[in-house]
$ cat upload12.txt   # compact mmCIF, C-alpha atoms
# COMPACT_ATOMS: atom_id res chain seq x y z
CA MET A 1 2.35 -5.11 12.35
CA GLN A 2 0.20 -7.71 14.06
CA VAL A 3 -1.01 -10.99 12.60
CA GLN A 4 -4.72 -11.60 13.16
CA THR A 5 -6.77 -14.70 12.37
CA VAL A 6 -10.01 -14.42 10.42
CA PHE A 7 -12.82 -16.33 12.14
CA LYS A 8 -16.40 -17.26 11.34
CA ALA A 9 -19.34 -15.45 12.96
CA GLY A 10 -22.68 -16.54 11.51
CA ASN A 11 -22.47 -16.20 7.73
CA SER A 12 -19.64 -13.66 7.91
CA GLU A 13 -15.89 -13.82 8.22
CA VAL A 14 -14.61 -11.52 10.98
CA ILE A 15 -11.30 -10.08 12.09
CA ALA A 16 -10.61 -8.36 15.40
CA ILE A 17 -9.06 -4.88 15.25
CA PRO A 18 -6.44 -4.57 17.99
CA SER A 19 -6.93 -1.74 20.50
CA GLU A 20 -3.74 0.01 19.35
CA LEU A 21 -5.08 0.28 15.78
CA ARG A 22 -8.52 1.34 17.02
CA GLU A 23 -6.92 4.16 19.00
CA GLN A 24 -4.75 5.25 16.05
CA THR A 25 -7.61 5.23 13.55
CA GLY A 26 -10.57 6.18 15.71
CA ILE A 27 -12.44 3.11 14.49
CA LYS A 28 -14.70 1.66 17.17
CA ALA A 29 -17.91 -0.35 17.41
CA GLY A 30 -20.56 1.33 15.26
CA THR A 31 -18.09 3.20 13.03
CA LYS A 32 -19.11 3.04 9.37
CA VAL A 33 -16.28 1.87 7.12
CA VAL A 34 -15.73 1.20 3.43
CA LEU A 35 -14.03 -2.06 2.48
CA THR A 36 -12.05 -2.22 -0.75
CA GLY A 37 -10.47 -5.41 -2.05
CA ILE A 38 -6.99 -5.22 -3.53
CA PRO A 39 -7.01 -7.00 -6.93
CA GLY A 40 -5.20 -10.30 -7.13
CA GLY A 41 -5.99 -11.24 -3.54
CA GLY A 42 -3.51 -8.73 -2.12
CA GLY A 43 -5.69 -7.79 0.83
CA ILE A 44 -8.43 -5.47 2.01
CA VAL A 45 -8.26 -1.73 2.69
CA ILE A 46 -10.54 -0.45 5.47
CA LYS A 47 -11.37 3.28 5.53
CA LYS A 48 -13.69 5.23 7.81
CA VAL A 49 -16.61 6.83 6.01
CA ASP A 50 -16.16 10.59 5.86
CA ARG A 51 -19.40 11.93 7.35
CA LYS A 52 -19.21 14.92 5.01
CA GLN A 53 -18.85 12.66 1.98
CA LYS A 54 -22.07 11.37 0.49
CA THR A 55 -22.06 7.59 0.22
CA LYS A 56 -23.50 5.73 -2.74
CA SER A 57 -26.91 4.26 -2.16
CA ALA A 58 -27.88 0.94 -3.69
CA LEU A 59 -31.39 2.36 -4.07
CA THR A 60 -31.68 4.28 -7.30
CA ALA A 61 -34.34 6.90 -7.95
CA GLU A 62 -35.87 4.56 -10.52
CA PHE A 63 -36.13 1.73 -7.97
CA LYS A 64 -37.63 4.04 -5.33
CA LYS A 65 -40.24 5.23 -7.85
CA TRP A 66 -41.09 1.64 -8.81
CA LEU A 67 -41.36 0.59 -5.15
CA LYS A 68 -43.67 3.50 -4.33
CA GLU A 69 -45.95 2.57 -7.25
CA VAL A 70 -46.07 -1.10 -6.25
CA LEU A 71 -46.81 -0.26 -2.61
CA GLU A 72 -49.63 2.07 -3.67
CA GLU A 73 -51.11 -0.40 -6.18
CA ASP A 74 -50.99 -3.36 -3.80
CA LYS A 75 -51.80 -1.50 -0.57
CA GLU A 76 -54.95 -3.53 0.21
CA ILE A 77 -53.24 -6.88 -0.34
CA LEU A 78 -50.19 -5.87 1.68
CA ASP A 79 -52.35 -4.58 4.55
CA GLU A 80 -54.26 -7.88 4.59
CA LEU A 81 -51.02 -9.89 4.66
CA ALA A 82 -49.66 -7.74 7.47
CA LEU A 83 -52.66 -8.64 9.64
CA ARG A 84 -52.06 -12.41 9.33
$ encode --input "upload12.txt" --output "structure tokens"
Amino acid sequence: MQVQTVFKAGNSEVIAIPSELREQTGIKAGTKVVLTGIPGGGGIVIKKVDRKQKTKSALTAEFKKWLKEVLEEDKEILDELALR
């Protein structure tokens, strides 16, 4: 077990993963992970995303449909704004 210090980087709080743990887990820069908080402030669990497992998207089908409609309805206005 190693003690690490959480530090500030921009608007985020960051912790370095020691090389020994990176080697054991296969986690490296660019690896997608899922963070789960332990209730009561007990800590954080970090798990690699299983590439075979489908991850939850924050974009629902209903939102995607709404966005498509808005983009189609306001196409001229959005195109004009993009040119400014």
$ residues_around --input "upload12.txt" --residues "Lys32 in chain A" --least-positions-apart "3" --cutoff "10 Å" --atoms "all atoms listed in the file" --output "list in words"
Ile27, Lys28, Ala29, Leu35, Lys47, Lys48, Val49, Asp50 and Arg51 of chain A
$ atom_distance --input "upload12.txt" --atom1 "CA of Val3 in chain A" --atom2 "CA of Ile44 in chain A"
14.1 Å
$ atom_distance --input "upload12.txt" --atom1 "CA of Gln2 in chain A" --atom2 "CA of Gly42 in chain A"
16.6 Å
$ atom_distance --input "upload12.txt" --atom1 "CA of Thr5 in chain A" --atom2 "CA of Ile17 in chain A"
10.5 Å
$ residues_around --input "upload12.txt" --residues "Gln4 in chain A" --least-positions-apart "6" --cutoff "10 Å" --atoms "all atoms listed in the file" --output "CSV table (one decimal) with C-alpha atoms, in the frame of the given file"
chain,number,residue,atom,x,y,z
A,15,ILE,CA,-11.3,-10.1,12.1
A,16,ALA,CA,-10.6,-8.4,15.4
A,17,ILE,CA,-9.1,-4.9,15.2
A,18,PRO,CA,-6.4,-4.6,18.0
$ axis_aligned_box --input "upload12.txt" --around "range 61-74 of chain A" --padding-each-side "4 Å" --output "JSON"
{"center_x": -42.7, "center_y": 1.8, "center_z": -6.6, "size_x": 24.8, "size_y": 18.3, "size_z": 15.9}
$ build_atoms --input "upload12.txt" --residues "range 1-32 of chain A" --atoms "N, CA and C atoms" --output "compact mmCIF listing (two decimals), in the coordinates of the input"
# COMPACT_ATOMS: atom_id res chain seq x y z
N MET A 1 3.27 -4.24 13.08
CA MET A 1 2.35 -5.11 12.35
C MET A 1 1.98 -6.29 13.24
N GLN A 2 0.69 -6.58 13.29
CA GLN A 2 0.20 -7.71 14.06
C GLN A 2 -0.49 -8.69 13.12
N VAL A 3 -0.33 -9.96 13.38
CA VAL A 3 -1.01 -10.99 12.60
C VAL A 3 -2.30 -11.33 13.33
N GLN A 4 -3.41 -11.27 12.61
CA GLN A 4 -4.72 -11.60 13.16
C GLN A 4 -5.28 -12.79 12.39
N THR A 5 -6.12 -13.56 13.02
CA THR A 5 -6.77 -14.70 12.37
C THR A 5 -8.21 -14.33 12.06
N VAL A 6 -8.62 -14.64 10.83
CA VAL A 6 -10.01 -14.42 10.42
C VAL A 6 -10.82 -15.58 10.98
N PHE A 7 -11.98 -15.27 11.60
CA PHE A 7 -12.82 -16.33 12.14
C PHE A 7 -14.25 -16.17 11.67
N LYS A 8 -15.02 -17.22 11.82
CA LYS A 8 -16.40 -17.26 11.34
C LYS A 8 -17.34 -16.77 12.44
N ALA A 9 -18.29 -15.92 12.06
CA ALA A 9 -19.34 -15.45 12.96
C ALA A 9 -20.63 -15.42 12.16
N GLY A 10 -21.47 -16.44 12.33
CA GLY A 10 -22.68 -16.54 11.51
C GLY A 10 -22.29 -16.84 10.08
N ASN A 11 -22.80 -16.03 9.15
CA ASN A 11 -22.47 -16.20 7.73
C ASN A 11 -21.33 -15.30 7.30
N SER A 12 -20.70 -14.62 8.24
CA SER A 12 -19.64 -13.66 7.91
C SER A 12 -18.28 -14.17 8.37
N GLU A 13 -17.26 -13.60 7.77
CA GLU A 13 -15.89 -13.82 8.22
C GLU A 13 -15.49 -12.55 8.94
N VAL A 14 -14.86 -12.67 10.11
CA VAL A 14 -14.61 -11.52 10.98
C VAL A 14 -13.14 -11.47 11.37
N ILE A 15 -12.65 -10.26 11.58
CA ILE A 15 -11.30 -10.08 12.09
C ILE A 15 -11.36 -9.05 13.22
N ALA A 16 -10.64 -9.30 14.28
CA ALA A 16 -10.61 -8.36 15.40
C ALA A 16 -9.61 -7.25 15.09
N ILE A 17 -9.98 -6.02 15.42
CA ILE A 17 -9.06 -4.88 15.25
C ILE A 17 -8.43 -4.62 16.61
N PRO A 18 -7.12 -4.77 16.71
CA PRO A 18 -6.44 -4.57 17.99
C PRO A 18 -6.65 -3.16 18.54
N SER A 19 -6.65 -3.03 19.86
CA SER A 19 -6.93 -1.74 20.50
C SER A 19 -5.97 -0.65 20.04
N GLU A 20 -4.71 -0.99 19.81
CA GLU A 20 -3.74 0.01 19.35
C GLU A 20 -4.16 0.62 18.01
N LEU A 21 -4.61 -0.23 17.08
CA LEU A 21 -5.08 0.28 15.78
C LEU A 21 -6.38 1.06 15.92
N ARG A 22 -7.26 0.61 16.80
CA ARG A 22 -8.52 1.34 17.02
C ARG A 22 -8.23 2.74 17.54
N GLU A 23 -7.28 2.84 18.45
CA GLU A 23 -6.92 4.16 19.00
C GLU A 23 -6.29 5.05 17.93
N GLN A 24 -5.42 4.48 17.10
CA GLN A 24 -4.75 5.25 16.05
C GLN A 24 -5.72 5.75 15.00
N THR A 25 -6.71 4.91 14.66
CA THR A 25 -7.61 5.23 13.55
C THR A 25 -8.93 5.84 13.98
N GLY A 26 -9.28 5.69 15.25
CA GLY A 26 -10.57 6.18 15.71
C GLY A 26 -11.72 5.26 15.34
N ILE A 27 -11.39 4.07 14.84
CA ILE A 27 -12.44 3.11 14.49
C ILE A 27 -12.85 2.38 15.76
N LYS A 28 -14.17 2.36 15.99
CA LYS A 28 -14.70 1.66 17.17
C LYS A 28 -16.03 1.02 16.78
N ALA A 29 -16.63 0.29 17.68
CA ALA A 29 -17.91 -0.35 17.41
C ALA A 29 -18.91 0.69 16.92
N GLY A 30 -19.58 0.41 15.81
CA GLY A 30 -20.56 1.33 15.26
C GLY A 30 -20.02 2.27 14.20
N THR A 31 -18.69 2.34 14.05
CA THR A 31 -18.09 3.20 13.03
C THR A 31 -18.40 2.63 11.65
N LYS A 32 -18.86 3.47 10.74
CA LYS A 32 -19.11 3.04 9.37
C LYS A 32 -17.79 3.07 8.61
